[in-house]
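See below for the structure under consideration.
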2 protein chains.
Amino acid sequence: MMAASTTDAKDHALSSTTAGWVKPRSPTDAYTYLDVRDLIARHIAHGELPHGARLPSERQMQTATGAARGTVRAALFQLEAEGLIYRRNRSGWYVAPPPIVYDPTRWESFMTYVAAQGREPRTEALDMRTCAATAELAGIFGVAEGAPLFEIRRRRYIDERAALVETIFVDPRLAPGLLDHDLNGSLTGVLSGHYGIDVVRNRVEMSPCALTQREADALRVRSGLPGLLIKRISYDAKGRVVEYDHEYWLHDALKVTVDIRLGN
Amino acid sequence: MMAASTTDAKDHALSSTTAGWVKPRSPTDAYTYLDVRDLIARHIAHGELPHGARLPSERQMQTATGAARGTVRAALFQLEAEGLIYRRNRSGWYVAPPPIVYDPTRWESFMTYVAAQGREPRTEALDMRTCAATAELAGIFGVAEGAPLFEIRRRRYIDERAALVETIFVDPRLAPGLLDHDLNGSLTGVLSGHYGIDVVRNRVEMSPCALTQREADALRVRSGLPGLLIKRISYDAKGRVVEYDHEYWLHDALKVTVDIRLGN
DNA sequence: AAGTGGTCTAGACCACGCC
DNA sequence: GCGTGGTCTAGACCACTTT
C-alpha cells in the first residue's frame, strides 16, 4: 500500500479506533510488549476505555503500534494476568469490571454480597444428581465410601458475566429431597428455611489455580486461564458437615478481605 | 544433521535427559502446547522431576517434542500460571515447592508458621527510613498528611527462595526508635517485647496482582508475573493502627485458609 | 565462551462468533 | 462469509547466568 500525499501509513492507522496510540519513548527503537501494555493500560486508566468496553482487534493494534501480532498478544496476556482485561472466546478483549469483595468470615450468600456492592448477581443451576462418595468425600462427610451424596453444579454471574462455577456436595440425610427445590438462588436459604439447618462454622481454603477444561468451558473462557479455587466446608451446631463446596473463580473477579479480632 | 543407521533423530532426542518424552496421542498430528504441558506435568506428578529439580532446557524440550520453541514456552507459561513450575531469570525452569499455608485469622508471625510447616524461613531487612505520610497513609493512621512514619522494606524467604517482599509502615509515636532494633526477624516480637504493643485486631485484604518492576526485581523474577498482594492493617486494644503492611507474594508460594465459627 | 531464557518478527492455518 | 482470537512455525538477536 502506498502512502498518501498528506497522510503516511502511521497517521492513517491512528485515525481509526486506535487513535492516540502514540509510542511514548524514543522513535528509533521498536515497541516492546511492555510498551504496548503500558499504552493500553493508560487508555484504561484515563477512562477512554471504560469497564466492559471492547478493545480494538489484535490486528488493529498490530497496525497501530507497528509491533508484530505476537508482541501485541504478549501485552494482552500481561494485562489479563493483572486482571485489567479479560477475553471472550474468539470474540475479543474487554476491560474488566472492578472485583467483588468477598469476606469468608461473614456468612453472607453470594446473592447478598454481590447485590450489596451494587452489582447484579445471578445463579444458574447446571446439574443436579446423586453421586457416590469418593474416598475424599467420605472422609469429609464421615460416611462410607460409595454412600450417596447430592452433587449440585451451578454457575454464578456478576452483571451477566460468568464469574465462577461451583460444585456443592450435601449429605441427603440432612436434607432429603433437596434437589426438588429451586436451586437458582441461595442454597443457604433453602437449607435454613426448609430444613432448619444453620451453619455455625466455616472452613475456607483459597489457592491460585489454572482453570481446567471442565471449568473453563462452563465459564466460556480458554482452558488454563488462572483462577482462584475456593474450597469451603460448612458445619452446623452439631458439627455435621452441611455443605462441601468447590468454587472456581475467574481470578480477576474477586478480592478477599478478612477482619479479625483476637482473643477478647 | 543426518539420521544414523540404527537410530533416527527422534530416538536420539529421547536418549538425552528428556528420555521418555513420548507423545501420548495419535502419531499423525503435532504436539500442541497443552500436550507438552501434560507431558511435563506428568513427569512432575510421577516424581521424576522432584521439587526444586531443574527442567531440561527449552531447546532440549523443543528437540525432544518436535514442537517449535514458542509452543514449548507456551506450555511452560501455562504450568507457571498453575503454580507447578517457576523460573529463575535466564537460569532455567524449576519444579515449584508446595505452597505455604497461611491463615490470616491467626496472629502468627511468618517465621513461626513457615517453620511449623517444616520449611526454613528467613527475613532480610532491605531498607528502613522515615517517610512522610501520603494522603492514603494519613487516613489510615489518623495523622496529618506529611507526618513522619517509619517505612520498613523486607524480603522474606522460604527454603532460601525469595517468596515475598513487604513494605511496613509504623507510627513513630507508638514505637520511637524502632529502626534501631534488629528487624531481620519478627517485627511483632519487637513491638510486643520492647514497646508492650499487642495486636488485637487485623484487617487483611488479598487480591491477585501483577508484580511491578520494583517487586519483581526484589524477588528476582520477571516483571509482570502474577502475584498475590496482601494488605494488612493491625490495631492494638485502643484501636490504634500498629502496622500497615503490603506484602507481594509469588502467587505459587502460598495457600490461604480461614476457619470461622459464627455467632455463639 | 557457551548456554540459557527473553524477546521479537513475519508469516500460516484453523475454529468459532457474529452478522 | 468475514473477522476474530487461538495456535503454530522457524527463524533471529539480545542480556544474562553459568562454567
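Scheme for the C-alpha cells: letters A, B, ... for chains in order shown; per-chain residue numbers from 1; ligand numbers from 1 in order shown.
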Just need the residues of chain A within 10 Å of chain C, counting only C-alpha atoms (C1' of nucleotides), so spit them out as a VMD selection string.
-> chain A and resid 30 to 33 67 to 71 88 to 92
All strand (DSSP E) positions in region 124-229 of chain B, as JSON, numbers by chain = {"B": [124, 125, 126, 127, 128, 129, 130, 131, 132, 148, 149, 150, 151, 152, 153, 154, 155, 156, 157, 158, 161, 162, 163, 164, 165, 166, 167, 168, 169, 170, 199, 200, 201, 202, 203, 204, 205, 206, 207, 208, 209, 210, 226, 227, 228, 229]}
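Put simply, CA of Ala81 (chain B) is 20.0 Å away from CA of Ala218 (chain B).
The shell of residues at most 7 Å from region 46-53 of chain B, with only C-alpha atoms (C1' of nucleotides) counted and near chain neighbours (fewer than 6 positions) removed, consists of Tyr94, Val95, Ala96 and Pro97 of chain B.
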Writer output for current selection, C-alpha atoms, as a JSON list (two decimals), in the first residue's frame:
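Generated file (out37.json):
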```
[["chain", "number", "residue", "atom", "x", "y", "z"],
["B", 94, "TYR", "CA", 12.34, -25.40, 38.19],
["B", 95, "VAL", "CA", 9.68, -27.52, 39.83],
["B", 96, "ALA", "CA", 7.85, -25.40, 42.40],
["B", 97, "PRO", "CA", 7.81, -26.46, 46.05]]
```
At a cut-off of 10 Å, list the chain D residues touching chain B, using only C-alpha atoms (C1' of nucleotides), as a PDB file with C-alpha atoms (C1' of nucleotides), in the first residue's frame.
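Written output follows (result_17.pdb):
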```
ATOM      1  C1'  DT D   7      -2.322 -21.806  17.649  1.00  0.00           C
ATOM      2  C1'  DC D   8       1.885 -22.977  15.416  1.00  0.00           C
ATOM      3  C1'  DT D   9       6.333 -22.445  12.792  1.00  0.00           C
ATOM      4  C1'  DA D  10      11.136 -21.127  12.027  1.00  0.00           C
ATOM      5  C1'  DA D  15      21.107  -9.956  28.015  1.00  0.00           C
ATOM      6  C1'  DC D  16      22.291 -12.529  31.358  1.00  0.00           C
ATOM      7  C1'  DT D  17      23.979 -16.787  34.058  1.00  0.00           C
ATOM      8  C1'  DT D  18      26.963 -20.307  34.332  1.00  0.00           C
TER       9       DT D  18
END
```
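Residues from chain A that have an atom within 6 Å of chain B, counting only C-alpha atoms, are A:Glu82, A:Thr105, A:Val200, A:Arg201, A:Asn202, A:Arg203, A:Val204, A:Glu205, A:Met206, A:Ser207, A:Cys209, A:Ala210, A:Lys255, A:Val256, A:Thr257, A:Val258, A:Asp259, A:Ile260, A:Arg261, A:Leu262.
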Let me see the file: selected residues, C-alpha atoms, as a CSV table (one decimal), in the first residue's frame.
```csv
chain,number,residue,atom,x,y,z
A,82,GLU,CA,-3.0,-8.3,36.1
A,105,THR,CA,-15.7,-14.7,57.8
A,200,VAL,CA,-22.1,-22.0,62.6
A,201,ARG,CA,-18.7,-22.9,61.3
A,202,ASN,CA,-17.0,-22.4,58.0
A,203,ARG,CA,-13.6,-23.7,56.9
A,204,VAL,CA,-12.4,-21.9,53.8
A,205,GLU,CA,-9.3,-22.6,51.7
A,206,MET,CA,-8.1,-20.5,48.8
A,207,SER,CA,-5.4,-21.2,46.3
A,209,CYS,CA,-5.1,-22.5,40.2
A,210,ALA,CA,-5.5,-22.9,36.5
A,255,LYS,CA,-10.9,-9.6,46.2
A,256,VAL,CA,-10.8,-11.2,49.6
A,257,THR,CA,-11.0,-9.4,52.9
A,258,VAL,CA,-10.9,-10.7,56.4
A,259,ASP,CA,-11.4,-8.7,59.6
A,260,ILE,CA,-10.4,-10.4,62.7
A,261,ARG,CA,-10.5,-9.6,66.4
A,262,LEU,CA,-8.3,-11.7,68.5
```
Do a neighbour search on Leu164 (chain B) at 9 Å with only C-alpha atoms (C1' of nucleotides), toss out local chain neighbours closer than 4 positions, and write the hits as number ranges by chain.
-> B: 154-157, 215, 218-219, 247-250, 253
Among the residues of region 132-254 of chain B, find those DSSP assigns to helix (DSSP H, G or I) from the backbone and print them as a VMD selection string.
-> chain B and resid 135 to 141 178 to 180 187 to 195 213 to 219
Determine, counting only C-alpha atoms (C1' of nucleotides), which protein, DNA and RNA residues have an atom within 8 Å of an atom of Phe110 (chain A); residues of the same chain fewer than 4 positions away are not included. Present the result as a PyMOL selection string.
-> chain A and resi 114+121+186
Can you pull out every residue within 12 Å of Leu126 (chain B), counting only C-alpha atoms (C1' of nucleotides), but drop anything in the same chain fewer than 2 positions away, and send it as a compact mmCIF listing (two decimals) with C-alpha atoms, in the first residue's frame?
```txt
# COMPACT_ATOMS: atom_id res chain seq x y z
CA THR B 123 13.75 -12.43 56.78
CA GLU B 124 16.05 -9.81 55.38
CA MET B 128 14.46 1.40 56.73
CA ARG B 129 13.67 5.05 56.75
CA GLU B 151 8.84 2.70 56.45
CA ILE B 152 10.44 -0.73 56.53
CA ARG B 153 11.07 -2.86 53.49
CA ARG B 154 11.88 -6.51 53.90
CA ARG B 155 12.32 -9.62 51.80
CA ARG B 156 11.27 -12.99 53.14
CA VAL B 165 8.63 -8.53 49.64
CA GLU B 166 6.82 -6.33 52.07
CA THR B 167 6.62 -2.68 52.99
CA ILE B 168 5.54 -1.92 56.54
CA ASP B 182 17.10 -5.75 64.58
CA LEU B 183 14.29 -6.17 62.09
CA ASN B 184 15.59 -9.34 60.47
CA ALA B 218 13.41 -7.63 44.68
CA LEU B 219 12.16 -11.18 44.11
```
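Pairwise distance (CA of Cys131 (chain A), CA of Tyr195 (chain A)) equals 20.9 Å.
Picture a line from CA of Ala133 (chain A) to CA of Glu145 (chain A); it runs 5.3 Å.
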